[in-house]
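So this block is query.txt, compact mmCIF, C-alpha atoms:
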# COMPACT_ATOMS: atom_id res chain seq x y z
CA MET H 81 0.00 0.00 0.00
CA ASP H 82 1.04 3.62 -0.46
CA THR H 83 2.78 4.59 2.74
CA GLU H 84 1.29 8.10 2.74
CA ILE H 85 -2.21 6.60 2.97
CA ASP H 86 -1.49 3.33 4.75
CA LYS H 87 -0.71 5.09 8.02
CA PHE H 88 -3.58 7.45 8.77
CA ASP H 89 -3.11 10.36 11.12
CA ILE H 90 -5.70 9.48 13.77
CA VAL H 91 -6.97 10.61 17.14
CA VAL H 92 -8.86 8.31 19.44
CA ASN H 93 -11.51 8.69 22.12
CA ARG H 94 -10.78 5.83 24.48
CA PRO H 95 -13.62 3.93 26.14
CA THR H 96 -14.34 4.76 29.75
CA ALA H 97 -14.00 1.08 30.64
CA GLU H 98 -10.58 -0.54 30.87
CA LYS H 99 -10.96 -2.50 27.64
CA HIS H 100 -12.91 -1.83 24.47
CA THR H 101 -15.02 -4.52 22.83
CA SER H 102 -16.26 -2.53 19.81
CA THR H 103 -15.06 0.28 17.55
CA VAL H 104 -16.51 3.32 15.77
CA ILE H 105 -14.59 4.82 12.84
CA PHE H 106 -15.81 8.42 12.35
CA LEU H 107 -14.94 10.09 9.01
CA HIS H 108 -14.78 13.89 8.76
CA GLY H 109 -16.12 16.11 5.98
CA THR H 110 -14.33 17.86 3.13
CA GLY H 111 -11.15 19.59 4.19
CA GLY H 112 -11.47 18.55 7.82
CA THR H 113 -9.27 16.40 10.00
CA GLY H 114 -9.82 13.79 12.65
CA VAL H 115 -8.75 16.32 15.27
CA SER H 116 -11.09 19.06 14.01
CA LEU H 117 -14.04 16.64 13.98
CA ARG H 118 -13.29 15.28 17.45
CA ASP H 119 -12.74 18.76 18.92
CA GLY H 120 -15.69 20.29 17.04
CA ILE H 121 -18.03 17.73 18.54
CA ARG H 122 -16.59 18.42 21.98
CA ASP H 123 -17.14 22.17 21.55
CA ARG H 124 -20.73 21.84 20.33
CA VAL H 125 -21.86 19.16 22.74
CA GLY H 126 -19.74 19.95 25.76
CA SER H 127 -18.37 16.42 26.02
CA ASP H 128 -16.50 13.82 24.01
CA PHE H 129 -18.24 11.46 21.61
CA SER H 130 -17.44 8.37 23.66
CA PHE H 131 -18.88 5.11 24.95
CA PRO H 132 -18.13 2.85 27.93
CA HIS H 133 -16.77 -0.10 25.91
CA THR H 134 -16.28 1.41 22.45
CA LYS H 135 -13.16 3.02 21.02
CA VAL H 136 -13.88 5.90 18.62
CA ILE H 137 -11.26 6.46 15.90
CA PHE H 138 -11.12 9.76 14.01
CA PRO H 139 -8.82 9.30 10.99
CA THR H 140 -7.66 12.19 8.82
CA ALA H 141 -7.97 11.82 5.06
CA PRO H 142 -4.64 12.20 3.25
CA LEU H 143 -3.96 15.21 1.08
CA MET H 144 -4.95 14.76 -2.56
CA PRO H 145 -5.70 17.13 -5.46
CA TYR H 146 -9.33 18.21 -5.21
CA THR H 147 -11.09 19.26 -8.39
CA LEU H 148 -13.73 21.36 -6.62
CA ARG H 149 -10.87 23.53 -5.35
CA LYS H 150 -9.17 23.83 -8.76
CA GLY H 151 -6.87 20.93 -8.06
CA GLU H 152 -5.43 22.29 -4.84
CA PRO H 153 -4.58 19.56 -2.30
CA GLY H 154 -7.08 18.96 0.47
CA ASN H 155 -7.85 16.43 3.19
CA VAL H 156 -10.56 14.62 1.24
CA TRP H 157 -11.69 11.00 1.05
CA PHE H 158 -12.12 11.17 -2.73
CA ASP H 159 -12.13 13.62 -5.61
CA ARG H 160 -15.23 15.13 -7.21
CA ALA H 161 -16.18 17.99 -9.53
CA THR H 162 -19.63 18.96 -8.24
CA PHE H 163 -22.00 18.75 -5.30
CA GLU H 164 -25.02 18.29 -7.54
CA PRO H 165 -26.81 14.88 -7.44
CA ASP H 166 -26.36 14.45 -11.21
CA GLY H 167 -22.57 14.55 -10.88
CA VAL H 168 -20.24 11.72 -11.88
CA GLU H 169 -18.22 9.79 -9.31
CA TYR H 170 -14.44 9.70 -9.58
CA ILE H 171 -14.71 6.06 -8.63
CA GLU H 172 -10.98 5.31 -8.78
CA THR H 173 -10.34 7.71 -5.90
CA ILE H 174 -13.24 6.30 -3.88
CA ASP H 175 -12.11 2.71 -4.38
CA LYS H 176 -8.49 3.47 -3.55
CA MET H 177 -9.46 5.12 -0.29
CA ALA H 178 -11.92 2.35 0.56
CA LYS H 179 -9.11 -0.18 0.35
CA HIS H 180 -7.00 1.79 2.80
CA LEU H 181 -9.91 2.27 5.19
CA SER H 182 -10.49 -1.47 4.98
CA HIS H 183 -6.91 -1.86 6.15
CA LEU H 184 -7.73 0.35 9.13
CA ILE H 185 -10.71 -1.89 9.89
CA GLN H 186 -8.48 -4.94 9.61
CA THR H 187 -6.13 -3.54 12.25
CA GLU H 188 -9.09 -3.51 14.64
CA VAL H 189 -9.99 -7.06 13.64
CA ASP H 190 -6.40 -8.12 14.24
CA SER H 191 -6.59 -6.59 17.72
CA GLY H 192 -9.58 -8.78 18.56
CA ILE H 193 -12.60 -6.70 17.51
CA PRO H 194 -14.80 -8.58 15.00
CA LYS H 195 -16.29 -6.68 12.07
CA SER H 196 -19.72 -7.34 13.57
CA LYS H 197 -18.74 -4.89 16.32
CA ILE H 198 -17.31 -2.15 14.11
CA PHE H 199 -19.40 0.84 12.99
CA ILE H 200 -18.55 3.22 10.14
CA VAL H 201 -19.78 6.77 10.74
CA GLY H 202 -19.28 9.72 8.41
CA PHE H 203 -20.26 13.37 8.07
CA SER H 204 -20.88 14.97 4.65
CA MET H 205 -18.14 13.63 2.32
CA GLY H 206 -17.25 11.21 5.10
CA GLY H 207 -20.86 10.00 5.06
CA THR H 208 -20.67 9.26 1.35
CA MET H 209 -17.43 7.39 1.95
CA ALA H 210 -19.08 5.44 4.78
CA LEU H 211 -21.87 4.31 2.44
CA HIS H 212 -19.42 3.14 -0.21
CA LEU H 213 -17.21 1.41 2.35
CA GLY H 214 -19.99 -0.34 4.25
CA LEU H 215 -22.19 -1.32 1.30
CA ARG H 216 -19.56 -2.22 -1.30
CA PHE H 217 -16.48 -3.36 0.62
CA GLU H 218 -17.23 -4.14 4.27
CA LYS H 219 -20.70 -5.66 4.36
CA GLU H 220 -19.97 -7.52 7.62
CA VAL H 221 -19.67 -4.38 9.77
CA ALA H 222 -22.21 -3.74 12.51
CA GLY H 223 -23.68 -0.64 10.92
CA ILE H 224 -23.28 2.52 8.87
CA VAL H 225 -24.13 6.06 9.99
CA SER H 226 -24.31 8.74 7.28
CA LEU H 227 -24.80 12.36 8.33
CA SER H 228 -25.72 15.28 6.05
CA THR H 229 -24.82 13.44 2.87
CA PHE H 230 -26.09 11.86 -0.35
CA LEU H 231 -25.09 9.61 -3.24
CA TYR H 232 -24.88 10.72 -6.85
CA ARG H 233 -27.76 9.36 -8.93
CA CYS H 234 -25.30 7.36 -11.03
CA SER H 235 -23.42 6.06 -7.96
CA GLU H 236 -21.55 2.79 -8.15
CA VAL H 237 -23.41 1.84 -4.96
CA TYR H 238 -26.69 1.78 -6.88
CA LYS H 239 -25.12 -0.08 -9.79
CA MET H 240 -23.81 -2.75 -7.41
CA LEU H 241 -27.21 -3.14 -5.77
CA GLU H 242 -28.80 -3.61 -9.18
CA ARG H 243 -26.30 -6.39 -9.99
CA GLU H 244 -26.40 -8.44 -6.80
CA VAL H 245 -28.56 -9.50 -3.90
CA ASN H 246 -26.81 -9.56 -0.54
CA THR H 247 -27.16 -8.88 3.16
CA TYR H 248 -26.22 -5.32 4.07
CA PRO H 249 -25.47 -3.56 7.34
CA PRO H 250 -28.19 -1.45 8.96
CA ILE H 251 -27.97 2.26 8.17
CA LEU H 252 -28.82 5.38 10.14
CA HIS H 253 -29.08 8.50 7.97
CA CYS H 254 -29.52 11.86 9.72
CA HIS H 255 -30.00 15.15 7.88
CA GLY H 256 -30.77 18.69 8.98
CA ASN H 257 -33.87 20.23 7.43
CA ILE H 258 -32.15 23.59 6.79
CA ASP H 259 -28.91 22.27 5.33
CA ALA H 260 -27.95 24.84 2.68
CA LEU H 261 -25.01 22.85 1.29
CA VAL H 262 -26.39 19.32 0.95
CA ASP H 263 -30.13 19.59 0.42
CA HIS H 264 -32.29 17.57 2.79
CA ALA H 265 -34.21 16.26 -0.24
CA TRP H 266 -31.00 14.70 -1.61
CA GLY H 267 -30.64 12.70 1.59
CA VAL H 268 -34.25 11.55 1.39
CA GLU H 269 -33.76 10.53 -2.25
CA THR H 270 -30.68 8.52 -1.34
CA LYS H 271 -32.50 6.70 1.43
CA GLU H 272 -35.50 5.90 -0.76
CA ARG H 273 -33.40 4.61 -3.63
CA LEU H 274 -31.28 2.40 -1.36
CA GLN H 275 -34.46 0.90 0.07
CA LYS H 276 -35.92 0.34 -3.39
CA LEU H 277 -32.77 -1.53 -4.40
CA GLY H 278 -32.90 -3.88 -1.43
CA VAL H 279 -31.18 -2.13 1.48
CA GLU H 280 -34.21 -2.38 3.70
CA ASN H 281 -32.83 -1.69 7.16
CA ILE H 282 -32.49 2.10 6.98
CA THR H 283 -33.53 4.58 9.64
CA PHE H 284 -33.87 8.17 8.42
CA ARG H 285 -34.00 10.99 10.95
CA THR H 286 -34.64 14.61 10.08
CA ILE H 287 -33.01 16.94 12.61
CA PRO H 288 -35.08 20.16 12.85
CA GLY H 289 -33.17 23.42 12.71
CA LEU H 290 -29.86 21.76 11.82
CA LYS H 291 -27.64 23.28 9.15
CA HIS H 292 -24.65 21.53 7.52
CA THR H 293 -23.09 20.52 10.81
CA VAL H 294 -23.73 18.24 13.78
CA ASN H 295 -25.42 19.10 17.06
CA LYS H 296 -26.19 17.49 20.39
CA GLU H 297 -29.60 16.19 19.33
CA GLU H 298 -28.18 14.45 16.27
CA LEU H 299 -25.23 12.92 18.12
CA ASN H 300 -27.56 11.63 20.82
CA VAL H 301 -29.60 9.93 18.08
CA VAL H 302 -26.39 8.42 16.69
CA LYS H 303 -25.21 7.17 20.08
CA SER H 304 -28.61 5.66 20.92
CA TRP H 305 -28.78 3.94 17.53
CA ILE H 306 -25.30 2.47 17.90
CA MET H 307 -26.11 1.28 21.42
CA SER H 308 -29.34 -0.33 20.21
CA HIS H 309 -27.34 -2.35 17.66
CA LEU H 310 -24.54 -3.11 20.09
CA PRO H 311 -25.69 -3.29 23.72
CA GLU H 312 -22.84 -2.48 26.05
CA GLU H 313 -21.42 -5.31 28.09

Hey, can you dump this file as structure tokens for me?
Amino acid sequence: MDTEIDKFDIVVNRPTAEKHTSTVIFLHGTGGTGVSLRDGIRDRVGSDFSFPHTKVIFPTAPLMPYTLRKGEPGNVWFDRATFEPDGVEYIETIDKMAKHLSHLIQTEVDSGIPKSKIFIVGFSMGGTMALHLGLRFEKEVAGIVSLSTFLYRCSEVYKMLEREVNTYPPILHCHGNIDALVDHAWGVETKERLQKLGVENITFRTIPGLKHTVNKEELNVVKSWIMSHLPEE
């Protein structure tokens, strides 16, 4: 693997218990970092995003040229040219990053945490990456959480679902109803199309008054959903 991607810059919220028995991998949005996401949540909520027996990993996407910023390098999970739903995926960049994130998941498996106790969570671009990773590459994970995000209408995720029938992880999709960057309707459309193509276990939550960010109400929904799919020991 490429060494610049193989070793992610990460920060970790340790479980409050002595040993963790499950893991959450939380992917930031465009241009963010693991540190900025972890600290931003702390600032907005007043506490860490943490669990008694669950380790939360916040990786930072490596720098890569980003077309939406005229090719300037950014901490992004993949490249793209538009936010609009009718855009075209730069699938090579998505697939390359998915492979490296799968390696991160494997390090948790090697440490004793089964995939059935690993959750993939993502905000905005990180949410799109989480859907690709969990539905196309890591179908054995415990669940996927996508926040304030959507899939392009020509997404490879949809194409895969049209080609094959499989068992997929449960999904929680949360979206603010006043998100001015990623329209709430795009999130609804993504959820409905995934369901139509056979991903039946999807919970969609509209967060009233939420812009393109996270807040305490949304994160409480996320924590409760994760706990309901992975009762603490």

Item to check | Exercise: residues within 7 Å of coordinate (-21.8, -7.5, 10.3), counting all atoms listed in the file, as JSON, numbers by chain | outcome: {"H": [195, 196, 219, 220, 221, 222, 249]}

Next on the checklist: Measuring between all atoms listed in the file, which one of H:Asp190, H:Glu236, H:Asp123, H:Asp263 shows the shortest distance to Met209 of chain H?
Outcome noted: H:Glu236

Next on the checklist: as a ChimeraX atom specification, please: the residues near Lys291 of chain H (cut-off 6 Å, all atoms listed in the file, same-chain neighbours under 2 positions excluded).
Outcome noted: /H:256,258-259,293

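Between atom CA of Glu172 of chain H and atom CA of Thr187 of chain H the separation is 23.3 Å.
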
Checklist entry - Looking at H:Val168, H:Ile105, H:Cys254, H:Cys234, which one is nearest to Ser182 of chain H, with distances taken over only C-alpha atoms? => result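 Among the listed residues, the smallest separation from Ser182 of chain H belongs to H:Ile105.
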